[in-house]
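Below is run_21.tsv, which holds TSV, C-alpha atoms.
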chain	number	residue	atom	x	y	z
A	496	MET	CA	0.00	0.00	0.00
A	497	GLY	CA	0.99	3.64	-0.36
A	498	HIS	CA	2.13	6.46	1.84
A	499	ASN	CA	1.69	6.44	5.63
A	500	ILE	CA	-0.62	9.04	7.10
A	501	LEU	CA	-1.02	9.28	10.86
A	502	TYR	CA	-4.42	10.45	12.11
A	503	ILE	CA	-4.54	11.56	15.75
A	504	GLU	CA	-8.27	11.62	16.55
A	505	ASP	CA	-10.33	10.46	19.53
A	506	ASN	CA	-13.72	10.33	17.74
A	507	PRO	CA	-14.25	6.86	16.21
A	508	ASP	CA	-16.78	8.14	13.65
A	509	ASN	CA	-14.36	10.76	12.32
A	510	MET	CA	-11.58	8.16	12.31
A	511	LEU	CA	-13.65	5.71	10.27
A	512	LEU	CA	-14.76	8.35	7.76
A	513	VAL	CA	-11.19	9.52	7.14
A	514	GLN	CA	-9.85	5.95	7.09
A	515	ARG	CA	-12.27	4.95	4.34
A	516	ALA	CA	-11.61	8.10	2.34
A	517	LEU	CA	-7.83	7.77	2.49
A	518	GLU	CA	-7.61	4.04	1.95
A	519	SER	CA	-9.77	4.45	-1.17
A	520	ARG	CA	-6.94	6.62	-2.53
A	521	GLY	CA	-4.24	4.11	-1.64
A	522	TYR	CA	-2.92	5.72	1.54
A	523	ARG	CA	-2.11	3.65	4.63
A	524	LEU	CA	-3.67	5.12	7.77
A	525	LEU	CA	-1.97	4.84	11.13
A	526	LYS	CA	-4.32	5.64	14.00
A	527	ALA	CA	-3.86	7.20	17.43
A	528	GLU	CA	-6.66	8.05	19.84
A	529	ASP	CA	-4.76	10.58	21.96
A	530	GLY	CA	-1.84	12.95	21.74
A	531	ILE	CA	0.74	10.91	23.62
A	532	ASP	CA	0.07	7.82	21.48
A	533	GLY	CA	0.18	10.00	18.37
A	534	ILE	CA	3.59	11.39	19.24
A	535	SER	CA	4.84	7.88	20.00
A	536	GLN	CA	3.57	6.51	16.69
A	537	ALA	CA	5.06	9.42	14.76
A	538	GLU	CA	8.43	8.74	16.37
A	539	GLN	CA	8.29	4.97	15.79
A	540	ASN	CA	6.96	4.86	12.21
A	541	ASN	CA	7.79	6.42	8.88
A	542	VAL	CA	5.05	9.01	8.51
A	543	ASP	CA	4.55	11.09	5.38
A	544	LEU	CA	1.83	13.38	6.81
A	545	ILE	CA	-0.04	13.87	10.09
A	546	LEU	CA	-3.72	14.72	10.48
A	547	LEU	CA	-4.21	16.21	13.93
A	548	ASP	CA	-7.38	16.84	15.90
A	549	ILE	CA	-6.98	19.72	18.33
A	550	ASN	CA	-9.40	18.56	21.04
A	551	LEU	CA	-7.83	15.39	22.40
A	552	PRO	CA	-8.46	13.65	25.73
A	553	ASP	CA	-4.95	14.02	27.16
A	554	ILE	CA	-2.92	16.89	25.68
A	555	ASP	CA	-4.35	19.22	23.08
A	556	GLY	CA	-3.32	19.22	19.45
A	557	TYR	CA	-1.38	22.45	19.84
A	558	GLU	CA	0.90	20.75	22.37
A	559	VAL	CA	1.16	17.66	20.14
A	560	ALA	CA	2.27	19.79	17.18
A	561	GLN	CA	4.86	21.60	19.28
A	562	ARG	CA	6.27	18.33	20.63
A	563	LEU	CA	6.41	16.79	17.15
A	564	ARG	CA	8.30	19.79	15.80
A	565	LYS	CA	10.84	19.50	18.66
A	566	SER	CA	11.12	15.70	18.52
A	567	SER	CA	14.49	13.97	18.54
A	568	LYS	CA	13.34	12.33	15.27
A	569	SER	CA	14.54	15.19	13.09
A	570	GLU	CA	12.26	14.53	10.09
A	571	LEU	CA	9.22	15.36	12.24
A	572	ALA	CA	10.34	18.98	12.16
A	573	TYR	CA	9.35	18.97	8.47
A	574	THR	CA	6.56	16.38	8.26
A	575	PRO	CA	3.37	18.15	7.10
A	576	ILE	CA	0.75	18.50	9.84
A	577	ILE	CA	-2.86	19.28	8.96
A	578	ALA	CA	-4.99	20.41	11.90
A	579	VAL	CA	-8.51	19.02	11.50
A	580	THR	CA	-10.71	20.50	14.19
A	581	ALA	CA	-14.13	21.67	15.24
A	582	ASN	CA	-12.47	24.78	16.74
A	583	ALA	CA	-13.65	27.55	14.46
A	584	LEU	CA	-13.32	30.65	16.59
A	585	LYS	CA	-11.37	33.66	15.51
A	586	GLY	CA	-7.71	33.01	16.18
A	587	ASP	CA	-7.93	29.19	16.19
A	588	ALA	CA	-6.35	28.84	12.76
A	589	GLU	CA	-3.51	31.18	13.70
A	590	ARG	CA	-2.95	29.30	16.95
A	591	ALA	CA	-2.71	25.98	15.07
A	592	LEU	CA	-0.25	27.45	12.57
A	593	ASP	CA	1.80	29.03	15.35
A	594	ALA	CA	1.99	25.64	17.10
A	595	GLY	CA	3.59	24.09	14.03
A	596	CYS	CA	0.70	22.94	11.84
A	597	ASP	CA	1.00	23.61	8.12
A	598	VAL	CA	-2.71	23.70	7.30
A	599	TYR	CA	-5.90	24.30	9.27
A	600	MET	CA	-9.17	22.59	8.30
A	601	SER	CA	-12.46	22.84	10.14
A	602	LYS	CA	-14.86	19.99	10.86
A	603	PRO	CA	-17.07	18.52	9.62
A	604	VAL	CA	-14.49	17.11	7.24
A	605	ASN	CA	-15.10	17.79	3.56
A	606	ILE	CA	-13.58	14.71	1.93
A	607	ARG	CA	-12.78	16.40	-1.38
A	608	GLU	CA	-11.01	19.24	0.44
A	609	LEU	CA	-9.16	16.71	2.61
A	610	TRP	CA	-7.95	14.80	-0.45
A	611	ALA	CA	-6.79	18.04	-2.08
A	612	ARG	CA	-4.95	19.19	1.05
A	613	ILE	CA	-3.22	15.83	1.51
A	614	GLU	CA	-2.30	15.47	-2.17
A	615	ALA	CA	-0.66	18.90	-2.08
A	616	TYR	CA	1.97	17.28	0.19
A	617	VAL	CA	1.74	13.56	-0.54
A	618	PRO	CA	0.55	12.53	-4.01
A	619	SER	CA	-1.99	9.73	-4.07
A	620	PRO	CA	-0.30	6.39	-4.75
A	621	ILE	CA	-3.10	5.31	-7.11
Written as structure tokens, how would this file's structure read?
Amino acid sequence: MGHNILYIEDNPDNMLLVQRALESRGYRLLKAEDGIDGISQAEQNNVDLILLDINLPDIDGYEVAQRLRKSSKSELAYTPIIAVTANALKGDAERALDAGCDVYMSKPVNIRELWARIEAYVPSPI
């Protein structure tokens, strides 16, 4: 299968929707249900892109992004991170970008927009 995308998301419905959408395009989805597990998976696997929910049960996505950017695994400083969040207040996008995310997307997820955003960084393998 194709490129590895890590999705850090605690909502199983959102996870399933994105999993189906990405696997239909040939991507391999790695899943984490909280921030600490997400950081661990990013450090242990070859990850081409990270989808990151901001509202997580342990540490928030802003903290996850900051830790990934400062990780001892140097390639994580440059791995694209797309914040996918229900936070849509003024300043939320800027806060995500300041934390180290490359792109900010609001929920509910628009699959066509998600594909376009991902393919801008990681071309579809099929």
Inset, instruction - Rounded to one decimal place, report the CA of Gly533 in chain A-CA of Ser601 in chain A distance in Å. - result: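 Interatomic distance, CA of Gly533 in chain A to CA of Ser601 in chain A: 19.8 Å.
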Inset, instruction - Identify the residues within 10 Å of coordinate (1.0, 22.8, 5.3) (same frame as the file), considering all atoms listed in the file, and give the answer as a PyMOL selection string. - result: chain A and resi 544+573-578+592+595-599+612-613+615-616
Legend entry - Top pick for closest residue to Ile534 in chain A, considering A:Arg515, A:Lys568, A:Arg520, A:Lys585 and counting all atoms listed in the file: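 The shortest atom-to-atom distance to Ile534 in chain A comes from A:Lys568.
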Inset, instruction - Have a look at A:Gln561, A:Asn509, A:Ser569, A:Ser519 and name the one nearest to Ala581 in chain A; count all atoms listed in the file. - result: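 The closest residue to Ala581 in chain A is A:Asn509.
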Inset, instruction - Have a look at A:Leu563, A:Ile606, A:Ala583, A:Ile500 and name the one nearest to Pro618 in chain A; count all atoms listed in the file. - result: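 Among the listed residues, the smallest separation from Pro618 in chain A belongs to A:Ile500.
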Legend entry - Residue among A:Val513, A:Ile621, A:Val559, A:Val579 lying closest to Lys602 in chain A, counting all atoms listed in the file: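 Closest candidate: A:Val579.
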Legend entry - Two-atom distance - CA of Glu538 in chain A, CA of Ser566 in chain A (Å): 7.8 Å
Legend entry - Atom pair CA of Met600 in chain A / CA of Leu584 in chain A: separation (Å):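 Rounded to one decimal, the two atoms are 12.3 Å apart.
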Legend entry - Option closest in space to Asp555 in chain A, from A:Glu570, A:Glu504, A:Asp593, A:Glu518 [counting only C-alpha atoms]: A:Glu504
